[in-house]
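**Student:** Following this line is upload_8.tsv, made up of TSV, C-alpha atoms:
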```
chain	number	residue	atom	x	y	z
A	1	ILE	CA	-61.23	12.82	2.86
A	2	THR	CA	-63.48	11.47	0.11
A	3	GLY	CA	-62.61	7.89	1.07
A	4	ALA	CA	-63.36	8.56	4.73
A	5	GLU	CA	-66.72	10.11	3.83
A	6	LYS	CA	-67.62	6.95	1.91
A	7	LYS	CA	-66.98	5.04	5.15
A	8	GLY	CA	-69.61	7.14	6.91
A	9	LEU	CA	-67.47	9.91	8.47
A	10	SER	CA	-68.26	13.59	8.18
A	11	THR	CA	-65.83	15.95	6.45
A	12	GLU	CA	-64.97	17.51	9.82
A	13	GLN	CA	-64.26	14.11	11.40
A	14	ALA	CA	-62.10	13.06	8.46
A	15	GLU	CA	-60.09	16.29	8.57
A	16	ASN	CA	-59.54	15.88	12.33
A	17	ILE	CA	-58.22	12.33	11.86
A	18	TRP	CA	-55.81	13.40	9.10
A	19	GLN	CA	-54.62	16.26	11.28
A	20	PHE	CA	-53.85	13.78	14.09
A	21	LEU	CA	-51.83	11.70	11.62
A	22	ALA	CA	-49.98	14.76	10.33
A	23	ASN	CA	-49.01	15.73	13.87
A	24	PHE	CA	-47.92	12.16	14.63
A	25	VAL	CA	-45.34	12.30	11.82
A	26	GLY	CA	-43.19	14.56	14.00
A	27	TYR	CA	-42.40	11.79	16.49
A	28	GLY	CA	-43.93	8.52	15.28
A	29	PHE	CA	-42.23	5.63	13.49
A	30	ASN	CA	-43.04	2.06	12.56
A	31	LYS	CA	-42.65	-1.13	14.62
A	32	ALA	CA	-39.57	-2.31	12.72
A	33	HIS	CA	-37.85	0.99	13.52
A	34	SER	CA	-38.80	0.68	17.20
A	35	ALA	CA	-37.52	-2.89	17.37
A	36	THR	CA	-34.20	-1.95	15.75
A	37	TYR	CA	-33.69	0.94	18.15
A	38	GLY	CA	-34.52	-1.32	21.09
A	39	MET	CA	-31.95	-3.92	20.02
A	40	ILE	CA	-29.22	-1.31	19.47
A	41	ALA	CA	-30.02	0.36	22.82
A	42	TYR	CA	-29.75	-3.00	24.63
A	43	GLN	CA	-26.47	-3.91	22.90
A	44	THR	CA	-24.84	-0.55	23.56
A	45	VAL	CA	-25.85	-0.46	27.23
A	46	TYR	CA	-24.47	-4.01	27.64
A	47	LEU	CA	-21.16	-3.10	25.99
A	48	LYS	CA	-20.83	0.18	27.86
A	49	TYR	CA	-21.42	-1.52	31.23
A	50	TYR	CA	-19.20	-4.59	30.76
A	51	PHE	CA	-16.54	-3.25	28.35
A	52	PRO	CA	-16.45	0.52	28.98
A	53	VAL	CA	-12.91	1.17	27.69
A	54	LEU	CA	-13.39	-0.78	24.45
A	55	TYR	CA	-16.85	0.67	23.95
A	56	MET	CA	-15.89	4.32	24.50
A	57	THR	CA	-12.82	3.90	22.28
A	58	ALA	CA	-15.13	2.71	19.51
A	59	VAL	CA	-17.54	5.61	20.14
A	60	LEU	CA	-14.70	8.13	19.88
A	61	ASN	CA	-13.51	6.55	16.64
A	62	ASN	CA	-17.01	6.49	15.17
A	63	HIS	CA	-16.82	10.15	14.00
A	64	GLY	CA	-20.54	10.52	14.53
A	65	GLY	CA	-23.12	11.03	17.21
A	66	PHE	CA	-25.16	14.01	18.30
A	67	TYR	CA	-22.44	15.60	20.44
A	68	SER	CA	-18.88	16.69	19.77
A	69	LYS	CA	-15.90	14.52	20.74
A	70	ALA	CA	-15.42	16.70	23.82
A	71	ALA	CA	-18.73	15.44	25.24
A	72	TYR	CA	-17.72	11.79	24.80
A	73	ILE	CA	-14.31	12.56	26.32
A	74	GLU	CA	-16.07	13.81	29.45
A	75	GLU	CA	-18.26	10.72	29.54
A	76	CYS	CA	-15.06	8.64	29.60
A	77	ARG	CA	-13.84	10.69	32.54
A	78	ARG	CA	-17.13	10.17	34.40
A	79	LEU	CA	-16.80	6.41	33.83
A	80	GLY	CA	-13.40	6.50	35.54
A	81	ILE	CA	-11.46	5.91	32.32
A	82	GLN	CA	-8.10	7.67	32.31
A	83	LEU	CA	-7.34	9.69	29.19
A	84	LEU	CA	-3.81	9.82	27.86
A	85	PRO	CA	-2.56	12.57	25.52
A	86	PRO	CA	-1.24	11.90	22.02
A	87	ASP	CA	2.28	10.51	22.09
A	88	VAL	CA	4.63	9.79	19.19
A	89	ASN	CA	5.90	6.67	20.99
A	90	SER	CA	2.46	5.27	21.83
A	91	SER	CA	-0.41	6.73	19.78
A	92	GLU	CA	-2.03	5.14	16.77
A	93	ARG	CA	-3.81	7.18	14.13
A	94	GLU	CA	-7.13	6.82	15.99
A	95	PHE	CA	-8.03	6.51	19.67
A	96	SER	CA	-6.69	3.25	21.11
A	97	CYS	CA	-7.11	1.14	24.26
A	98	ASN	CA	-4.22	1.21	26.68
A	99	GLY	CA	-5.14	-1.14	29.51
A	100	ASN	CA	-7.83	0.70	31.47
A	101	SER	CA	-7.01	3.96	29.69
A	102	ILE	CA	-7.69	5.47	26.29
A	103	ARG	CA	-4.84	7.00	24.33
A	104	VAL	CA	-5.72	9.96	22.08
A	105	GLY	CA	-4.82	9.28	18.45
A	106	MET	CA	-2.66	11.45	16.21
A	107	ASP	CA	-5.63	12.18	13.94
A	108	MET	CA	-6.81	14.60	16.63
A	109	VAL	CA	-3.68	16.80	16.43
A	110	PHE	CA	-4.39	20.02	14.55
A	111	GLU	CA	-2.57	20.38	11.20
A	112	LEU	CA	-0.63	17.11	11.53
A	113	THR	CA	-0.46	15.74	7.97
A	114	ASP	CA	-1.25	12.17	6.94
A	115	LYS	CA	2.29	11.81	5.64
A	116	THR	CA	3.76	12.70	9.03
A	117	LYS	CA	1.36	10.42	10.93
A	118	GLU	CA	2.20	7.48	8.68
A	119	GLN	CA	5.93	8.13	9.02
A	120	ILE	CA	5.67	8.28	12.82
A	121	VAL	CA	3.90	4.91	12.98
A	122	LYS	CA	6.29	3.35	10.45
A	123	GLU	CA	9.45	4.50	12.24
A	124	ARG	CA	8.15	3.69	15.70
A	125	ARG	CA	7.66	0.05	14.70
A	126	LEU	CA	11.39	-0.13	14.01
A	127	ALA	CA	12.42	1.61	17.25
A	128	LEU	CA	10.99	4.11	19.72
A	129	PHE	CA	12.10	7.73	19.35
A	130	SER	CA	14.84	8.37	21.88
A	131	ASN	CA	15.08	12.18	21.72
A	132	TYR	CA	13.98	15.26	19.79
A	133	TYR	CA	16.73	14.99	17.17
A	134	ASP	CA	16.11	11.28	16.61
A	135	PHE	CA	12.46	12.11	15.97
A	136	MET	CA	13.30	14.96	13.59
A	137	GLN	CA	15.81	12.90	11.61
A	138	ARG	CA	13.54	9.90	11.10
A	139	VAL	CA	10.18	11.63	10.60
A	140	LYS	CA	11.21	14.96	8.99
A	141	PRO	CA	8.08	16.91	10.01
A	142	ARG	CA	7.47	20.61	9.44
A	143	GLU	CA	8.08	23.13	12.22
A	144	GLY	CA	4.39	23.81	12.83
A	145	GLU	CA	3.58	20.11	13.08
A	146	VAL	CA	6.21	19.58	15.78
A	147	LYS	CA	5.02	22.68	17.62
A	148	ASN	CA	1.46	21.36	17.77
A	149	LEU	CA	2.63	17.92	18.86
A	150	ILE	CA	4.68	19.42	21.69
A	151	LYS	CA	1.88	21.70	22.90
A	152	CYS	CA	-0.64	18.87	23.30
A	153	GLY	CA	1.85	16.52	24.98
A	154	GLY	CA	2.82	14.48	21.91
A	155	LEU	CA	6.54	14.49	22.71
A	156	ARG	CA	6.22	14.12	26.47
A	157	SER	CA	7.73	10.61	26.42
A	158	ILE	CA	10.86	12.17	24.91
A	159	ASP	CA	10.98	15.24	27.15
A	160	PRO	CA	8.23	16.25	29.65
A	161	ASN	CA	9.20	19.93	29.53
A	162	GLU	CA	7.04	21.52	26.81
A	163	PRO	CA	8.41	25.11	27.01
A	164	TYR	CA	11.97	23.82	26.67
A	165	LEU	CA	11.03	21.65	23.68
A	166	LEU	CA	9.16	24.53	22.03
A	167	LEU	CA	12.24	26.73	22.33
A	168	LYS	CA	14.48	23.93	21.02
A	169	ASN	CA	12.15	23.42	18.06
A	170	LYS	CA	12.13	27.14	17.24
A	171	LEU	CA	15.95	27.40	17.42
A	172	PHE	CA	16.44	24.21	15.42
A	173	PHE	CA	14.42	25.47	12.45
A	174	ALA	CA	15.69	29.07	12.76
A	175	ASN	CA	19.25	27.76	12.45
A	176	LYS	CA	18.64	25.52	9.43
A	177	ARG	CA	18.36	22.31	11.47
A	178	ASN	CA	21.83	22.70	12.94
A	179	ARG	CA	21.88	20.48	16.02
A	180	ASN	CA	25.21	21.68	17.43
A	181	LEU	CA	24.26	25.35	17.19
A	182	THR	CA	20.85	24.66	18.73
A	183	GLU	CA	22.41	22.88	21.70
A	184	ALA	CA	24.96	25.66	22.16
A	185	LEU	CA	22.20	28.26	22.30
A	186	LEU	CA	20.29	26.16	24.84
A	187	GLN	CA	23.14	25.95	27.31
A	188	GLN	CA	22.20	27.29	30.75
A	189	VAL	CA	18.55	27.60	29.68
A	190	GLN	CA	16.08	26.41	32.32
A	191	LEU	CA	12.33	26.63	31.83
A	192	LEU	CA	9.56	25.31	34.07
A	193	PRO	CA	7.26	22.67	32.53
A	194	TYR	CA	3.64	23.47	31.78
A	195	ASN	CA	1.37	23.74	34.78
A	196	LYS	CA	-2.13	22.25	34.60
A	197	TYR	CA	-3.67	25.46	33.26
A	198	GLN	CA	-1.18	25.70	30.41
A	199	ARG	CA	-1.85	22.09	29.53
A	200	LEU	CA	-5.61	22.62	29.48
A	201	LEU	CA	-5.34	25.68	27.24
A	202	SER	CA	-2.91	23.99	24.87
A	203	GLU	CA	-5.02	20.83	24.65
A	204	MET	CA	-8.11	22.87	23.87
A	205	GLU	CA	-6.21	24.80	21.20
A	206	ILE	CA	-4.66	21.78	19.46
A	207	LEU	CA	-7.15	18.95	20.10
A	208	ASP	CA	-10.42	20.91	20.57
A	209	PHE	CA	-10.97	19.04	23.85
A	210	THR	CA	-9.05	18.64	27.11
A	211	VAL	CA	-7.23	15.53	28.31
A	212	SER	CA	-5.70	16.64	31.62
A	213	ASP	CA	-8.95	17.71	33.29
A	214	HIS	CA	-12.45	19.01	32.58
A	215	PRO	CA	-12.19	22.50	31.00
A	216	LEU	CA	-14.02	23.90	34.02
A	217	GLY	CA	-10.73	23.33	35.85
A	218	LEU	CA	-9.52	26.59	34.30
A	219	PHE	CA	-12.23	28.51	36.15
A	220	GLU	CA	-12.32	26.61	39.44
A	221	ASP	CA	-11.49	29.65	41.58
A	222	LYS	CA	-13.83	31.99	39.65
A	223	ILE	CA	-16.95	30.13	40.71
A	224	GLU	CA	-18.64	30.03	44.12
A	225	TRP	CA	-19.18	26.28	44.02
A	226	GLU	CA	-21.07	26.17	47.33
A	227	LYS	CA	-23.89	28.09	45.62
A	228	ILE	CA	-23.93	25.89	42.51
A	229	THR	CA	-26.27	22.97	41.89
A	230	SER	CA	-24.66	20.07	40.03
A	231	SER	CA	-26.29	18.16	37.19
A	232	LEU	CA	-26.72	15.20	39.58
A	233	GLU	CA	-28.91	17.28	41.89
A	234	LEU	CA	-31.31	18.72	39.31
A	235	GLU	CA	-34.06	16.14	39.84
A	236	SER	CA	-34.13	16.80	43.59
A	237	ARG	CA	-34.49	20.57	43.02
A	238	LYS	CA	-37.66	20.38	40.92
A	239	GLY	CA	-39.60	23.66	40.98
A	240	LYS	CA	-36.78	25.53	42.71
A	241	LEU	CA	-34.62	28.43	41.58
A	242	ILE	CA	-30.99	27.35	41.27
A	243	HIS	CA	-27.61	28.40	39.88
A	244	PHE	CA	-25.83	26.06	37.47
A	245	VAL	CA	-22.48	26.43	35.74
A	246	GLY	CA	-21.51	24.44	32.67
A	247	TRP	CA	-19.52	24.18	29.49
A	248	LEU	CA	-21.52	24.50	26.26
A	249	VAL	CA	-21.84	21.18	24.43
A	250	THR	CA	-24.37	22.13	21.77
A	251	SER	CA	-27.19	24.61	21.14
A	252	ARG	CA	-30.17	25.01	18.84
A	253	ARG	CA	-32.15	28.12	17.97
A	254	VAL	CA	-35.80	27.81	16.94
A	255	LYS	CA	-38.62	30.19	15.98
A	256	THR	CA	-41.88	30.11	17.93
A	257	GLN	CA	-45.39	30.28	16.49
A	258	ASN	CA	-45.30	34.00	17.33
A	259	HIS	CA	-42.17	34.35	15.16
A	260	GLU	CA	-39.93	34.98	18.17
A	261	TYR	CA	-36.62	33.24	18.70
A	262	MET	CA	-35.75	30.95	21.60
A	263	LYS	CA	-32.77	28.68	22.23
A	264	PHE	CA	-32.05	25.23	23.66
A	265	LEU	CA	-28.67	24.77	25.33
A	266	THR	CA	-26.91	21.59	26.42
A	267	LEU	CA	-24.52	22.46	29.24
A	268	GLU	CA	-22.09	20.15	30.97
A	269	ASP	CA	-20.45	20.14	34.38
A	270	ARG	CA	-18.09	17.50	35.75
A	271	PHE	CA	-20.97	15.13	36.56
A	272	GLY	CA	-23.19	15.18	33.49
A	273	LEU	CA	-25.41	17.18	31.15
A	274	CYS	CA	-28.07	19.78	31.80
A	275	GLU	CA	-30.62	20.82	29.18
A	276	ALA	CA	-31.43	24.51	29.50
A	277	VAL	CA	-34.19	26.42	27.71
A	278	MET	CA	-34.05	30.14	26.89
A	279	PHE	CA	-37.59	31.28	26.11
A	280	PRO	CA	-37.98	34.41	23.95
A	281	LYS	CA	-37.80	36.87	26.86
A	282	ALA	CA	-34.56	35.38	28.24
A	283	TYR	CA	-33.16	34.89	24.74
A	284	SER	CA	-33.72	38.55	23.83
A	285	GLN	CA	-31.77	39.56	26.96
A	286	TYR	CA	-28.96	37.00	27.05
A	287	GLY	CA	-28.91	35.19	23.70
A	288	HIS	CA	-26.12	37.39	22.36
A	289	LEU	CA	-23.82	36.16	25.15
A	290	VAL	CA	-23.91	32.54	24.00
A	291	LYS	CA	-20.81	32.47	21.83
A	292	GLY	CA	-18.23	29.73	22.14
A	293	TYR	CA	-17.92	27.13	24.88
A	294	GLY	CA	-18.33	29.47	27.84
A	295	PRO	CA	-18.54	28.36	30.59
A	296	TYR	CA	-21.89	29.90	31.45
A	297	LEU	CA	-23.38	30.64	34.84
A	298	VAL	CA	-27.13	30.18	34.61
A	299	LYS	CA	-29.87	31.12	37.06
A	300	GLY	CA	-33.19	29.41	36.47
A	301	SER	CA	-35.95	27.17	37.72
A	302	VAL	CA	-35.86	23.38	37.43
A	303	GLN	CA	-38.69	21.75	35.48
A	304	SER	CA	-39.24	17.99	35.48
A	305	ARG	CA	-42.35	16.37	34.04
A	306	LEU	CA	-40.93	12.84	34.06
A	307	PRO	CA	-38.20	11.24	36.22
A	308	GLY	CA	-34.79	11.83	34.64
A	309	GLU	CA	-36.06	14.62	32.40
A	310	ALA	CA	-35.15	17.62	34.57
A	311	ASN	CA	-34.24	20.74	32.64
A	312	LEU	CA	-33.53	24.36	33.45
A	313	LEU	CA	-35.70	27.31	32.43
A	314	VAL	CA	-33.20	30.14	32.07
A	315	GLU	CA	-33.95	33.45	33.79
A	316	GLU	CA	-30.43	34.92	33.79
A	317	LEU	CA	-27.18	33.95	32.07
A	318	LYS	CA	-23.64	35.28	32.15
A	319	VAL	CA	-20.29	34.17	30.81
A	320	VAL	CA	-17.60	33.14	33.32
A	321	GLU	CA	-14.44	34.84	32.09
A	322	LEU	CA	-10.81	35.22	33.04
A	323	ASN	CA	-9.33	38.65	32.44
A	324	LYS	CA	-5.81	38.99	31.07
A	325	LYS	CA	-4.20	39.42	34.50
A	326	GLU	CA	-5.99	36.40	35.97
A	327	LEU	CA	-5.03	34.24	33.01
A	328	GLU	CA	-1.39	35.31	33.18
A	329	GLU	CA	-1.28	34.53	36.90
A	330	LYS	CA	-2.64	31.04	36.25
A	331	LEU	CA	-0.18	30.35	33.47
A	332	GLN	CA	2.74	31.54	35.55
A	333	SER	CA	1.78	29.67	38.72
A	334	ALA	CA	3.72	26.50	39.51
A	335	ASP	CA	1.83	23.39	40.58
A	336	LEU	CA	4.99	21.51	41.59
A	337	GLU	CA	4.25	21.72	45.32
A	338	LYS	CA	0.97	19.91	44.77
A	339	ASP	CA	2.56	17.08	42.79
A	340	PRO	CA	6.38	17.25	42.66
A	341	SER	CA	6.56	13.68	41.39
A	342	ARG	CA	5.38	14.88	37.99
A	343	TYR	CA	8.58	16.86	37.52
A	344	PRO	CA	11.23	15.30	39.81
A	345	GLU	CA	14.02	17.36	38.27
A	346	TRP	CA	12.33	20.57	39.48
A	347	ALA	CA	11.24	19.40	42.92
A	348	GLY	CA	12.80	21.50	45.63
A	349	GLU	CA	13.76	24.40	43.34
```
Write out the structure in this file as structure tokens.
**Tutor:**
Amino acid sequence: ITGAEKKGLSTEQAENIWQFLANFVGYGFNKAHSATYGMIAYQTVYLKYYFPVLYMTAVLNNHGGFYSKAAYIEECRRLGIQLLPPDVNSSEREFSCNGNSIRVGMDMVFELTDKTKEQIVKERRLALFSNYYDFMQRVKPREGEVKNLIKCGGLRSIDPNEPYLLLKNKLFFANKRNRNLTEALLQQVQLLPYNKYQRLLSEMEILDFTVSDHPLGLFEDKIEWEKITSSLELESRKGKLIHFVGWLVTSRRVKTQNHEYMKFLTLEDRFGLCEAVMFPKAYSQYGHLVKGYGPYLVKGSVQSRLPGEANLLVEELKVVELNKKELEEKLQSADLEKDPSRYPEWAGE
């Protein structure tokens, strides 16, 4: 202030200038920083456009970024990249390229130890695992590790029937790894493979993201889709009241100047992301409902000050839920008629 006054400015003028500078700190940065960001942005857009599989594999292995891995998984799906589940005969420790697909790495499998992962890779280089017992003999994993591998599809190249493998695994350990007794107990046992809903739930449980489909697939018949606006349509609905349904990607709670709380939500449907804002009034009514991934059905008006910046001002919010009966019906339903080729041994039964 003193220096500015020596240059001929009044105290009030000097204080105003310093206040402008203080405010600028919140979003300003130097030219070198801008140039670096510009170069990185150009490089990443180039790589993503021309080498999408390699690029997204690297992004998933980066263990960073603003969003969770689930968000990047969905971006892969939107780019048309097929996702393949972990597999003891194919997966590396990290995500890996598999032609035009990305194979989920074993590091993603809940409670799978480093020792077991290393042993799987070591043994697989010598020869692929031919069956459950071959895998058990050569890798010697714990019961819980095998259970988690089976549930997320990790042993599907050995046997595509997860319920049957889970039962075999339970009997094998319960009978002190006695193969003959296990096989005797399994005689005449027939179990249907997982349907798509069971796979989605198991993948979410073990991997913390879904491989088979977007998690909204679990709730497809609970939502009146004809009344829902997709994330692709937000810009065209500026100023209008809409309904949007999405999976929670991330959220942030802040305190206003009036010491009230509000919340920013990033929601995702099959087509992209939607930024939603819960101002204090809406937050006081519905903020307590935002627990977990959702999905959430939101009613609100679309605001867009700049092209591509459309967001949703939340007026109402509710959680889309499956009750116990609905969930049981989904898990027990067979999807063989829709795609019998997935399980040829069950087709026609």
**Student:** From the options A:Asp134, A:Glu74, A:Glu94, A:Glu12, which residue's atoms come nearest to A:Thr57, counting all atoms listed in the file?
**Tutor:**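 With all atoms listed in the file as the atom set, the closest residue is A:Glu94.
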**Student:** Mind giving me the straight-line distance from atom CA of A:Thr256 to atom CA of A:Leu313 in Å, one decimal?
**Tutor:**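 Going from atom CA of A:Thr256 over to atom CA of A:Leu313 covers 16.0 Å.
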**Student:** Box time for stretch 231-247 of chain A: axis-aligned, enclosing all its listed atoms, 6 Å extra on each side; report centre and edge lengths in Å to one decimal, as AutoDock Vina command-line options.
**Tutor:**
```
--center_x -29.6 --center_y 21.8 --center_z 36.5 --size_x 32.1 --size_y 25.2 --size_z 26.1
```
**Student:** Hey, can you pull every residue with an atom no more than 12 Å from (-30.9, 20.5, 42.4), using all atoms listed in the file, and send it as a list in words?
**Tutor:**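 Residues satisfying the cut-off, written out: Lys227, Ile228, Thr229, Ser230, Ser231, Leu232, Glu233, Leu234, Glu235, Ser236, Arg237, Lys238, Gly239, Lys240, Leu241, Ile242, His243, Phe244, Cys274, Lys299, Gly300, Ser301, Val302, Gln303, Ser304, Ala310, Asn311 and Leu312 of chain A.
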**Student:** With C-alpha atoms retained, write the just-selected residues as a short mmCIF file (atom, residue, chain, number, x, y, z; two decimals), keeping the file's coordinate frame.
**Tutor:**
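And here is the file that came out, again00.cif:
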```cif
data_model
loop_
_atom_site.label_atom_id
_atom_site.label_comp_id
_atom_site.auth_asym_id
_atom_site.auth_seq_id
_atom_site.Cartn_x
_atom_site.Cartn_y
_atom_site.Cartn_z
CA LYS A 227 -23.89 28.09 45.62
CA ILE A 228 -23.93 25.89 42.51
CA THR A 229 -26.27 22.97 41.89
CA SER A 230 -24.66 20.07 40.03
CA SER A 231 -26.29 18.16 37.19
CA LEU A 232 -26.72 15.20 39.58
CA GLU A 233 -28.91 17.28 41.89
CA LEU A 234 -31.31 18.72 39.31
CA GLU A 235 -34.06 16.14 39.84
CA SER A 236 -34.13 16.80 43.59
CA ARG A 237 -34.49 20.57 43.02
CA LYS A 238 -37.66 20.38 40.92
CA GLY A 239 -39.60 23.66 40.98
CA LYS A 240 -36.78 25.53 42.71
CA LEU A 241 -34.62 28.43 41.58
CA ILE A 242 -30.99 27.35 41.27
CA HIS A 243 -27.61 28.40 39.88
CA PHE A 244 -25.83 26.06 37.47
CA CYS A 274 -28.07 19.78 31.80
CA LYS A 299 -29.87 31.12 37.06
CA GLY A 300 -33.19 29.41 36.47
CA SER A 301 -35.95 27.17 37.72
CA VAL A 302 -35.86 23.38 37.43
CA GLN A 303 -38.69 21.75 35.48
CA SER A 304 -39.24 17.99 35.48
CA ALA A 310 -35.15 17.62 34.57
CA ASN A 311 -34.24 20.74 32.64
CA LEU A 312 -33.53 24.36 33.45
#
```
**Student:** Might you pull out every residue within 8 Å of stretch 192-207 of chain A, with all atoms listed in the file counted and same-chain residues fewer than 6 positions away left off, and present them as a list in words?
**Tutor:**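 Those residues are Met108, Val109, Phe110, Asn148, Lys151, Cys152, Pro160, Asn161, Glu162, Pro163, Tyr164, Asp213, Pro215, Gly217, Leu218, Lys330, Leu331, Gln332, Ser333, Ala334, Asp335, Tyr343 and Trp346 of chain A.
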**Student:** Between atom CA of A:Glu118 and atom CA of A:Ser91, what is the distance, to one decimal in Å?
**Tutor:**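 One can read the atom CA of A:Glu118 to atom CA of A:Ser91 distance as 11.4 Å.
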**Student:** Identify which of the residues A:Leu165, A:Leu47, A:Ile81, A:Ala276 lies closest to A:Asn98, counting only C-alpha atoms when measuring atom-to-atom distances.
**Tutor:**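 Of the candidates, the smallest distance to A:Asn98 is held by A:Ile81.
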**Student:** With all atoms listed in the file as the atoms that count, which of A:Leu248, A:Ala71, A:Leu155, A:Val277 lies nearest to A:Gly292?
**Tutor:**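 When distances to A:Gly292 are compared using all atoms listed in the file, the smallest one comes from A:Leu248.
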**Student:** Could you check how far atom CA of A:Met262 sits from atom CA of A:Asp208, in Å to one decimal?
**Tutor:**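 Computing the Euclidean distance for atom CA of A:Met262 and atom CA of A:Asp208 yields 27.3 Å.
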**Student:** Residues within 9 Å of stretch 314-319 of chain A, please, as a PyMOL selection string. Count all atoms listed in the file; anything in the same chain fewer than 5 positions from it doesn't count.
**Tutor:** chain A and resi 276-279+281-283+285-287+289-290+294-301
**Student:** List as a ChimeraX atom specification the residues having at least one atom at most 10 Å from position (7.3, 20.2, 10.7) as given in the file, counting all atoms listed in the file.
**Tutor:** /A:111-113,116,136,139-149,169,173
**Student:** A:Phe95: which residues within 12 Å, counting all atoms listed in the file, same-chain residues fewer than 3 positions away excluded, as a short mmCIF file (atom, residue, chain, number, x, y, z; two decimals) with C-alpha atoms, keeping the file's coordinate frame?
**Tutor:**
```
data_model
loop_
_atom_site.label_atom_id
_atom_site.label_comp_id
_atom_site.auth_asym_id
_atom_site.auth_seq_id
_atom_site.Cartn_x
_atom_site.Cartn_y
_atom_site.Cartn_z
CA VAL A 53 -12.91 1.17 27.69
CA LEU A 54 -13.39 -0.78 24.45
CA TYR A 55 -16.85 0.67 23.95
CA MET A 56 -15.89 4.32 24.50
CA THR A 57 -12.82 3.90 22.28
CA ALA A 58 -15.13 2.71 19.51
CA VAL A 59 -17.54 5.61 20.14
CA LEU A 60 -14.70 8.13 19.88
CA ASN A 61 -13.51 6.55 16.64
CA ASN A 62 -17.01 6.49 15.17
CA HIS A 63 -16.82 10.15 14.00
CA LYS A 69 -15.90 14.52 20.74
CA ILE A 73 -14.31 12.56 26.32
CA LEU A 83 -7.34 9.69 29.19
CA LEU A 84 -3.81 9.82 27.86
CA PRO A 85 -2.56 12.57 25.52
CA PRO A 86 -1.24 11.90 22.02
CA ASP A 87 2.28 10.51 22.09
CA SER A 90 2.46 5.27 21.83
CA SER A 91 -0.41 6.73 19.78
CA GLU A 92 -2.03 5.14 16.77
CA ASN A 98 -4.22 1.21 26.68
CA SER A 101 -7.01 3.96 29.69
CA ILE A 102 -7.69 5.47 26.29
CA ARG A 103 -4.84 7.00 24.33
CA VAL A 104 -5.72 9.96 22.08
CA GLY A 105 -4.82 9.28 18.45
CA MET A 106 -2.66 11.45 16.21
CA ASP A 107 -5.63 12.18 13.94
CA MET A 108 -6.81 14.60 16.63
CA VAL A 109 -3.68 16.80 16.43
#
```
**Student:** Kindly indicate which residue among A:Val25, A:Ile40, A:Cys97, A:Leu327 lies nearest to A:Asp221, using all atoms listed in the file for the distances.
**Tutor:**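 Among A:Val25, A:Ile40, A:Cys97, A:Leu327, it is A:Leu327 that comes nearest to A:Asp221.
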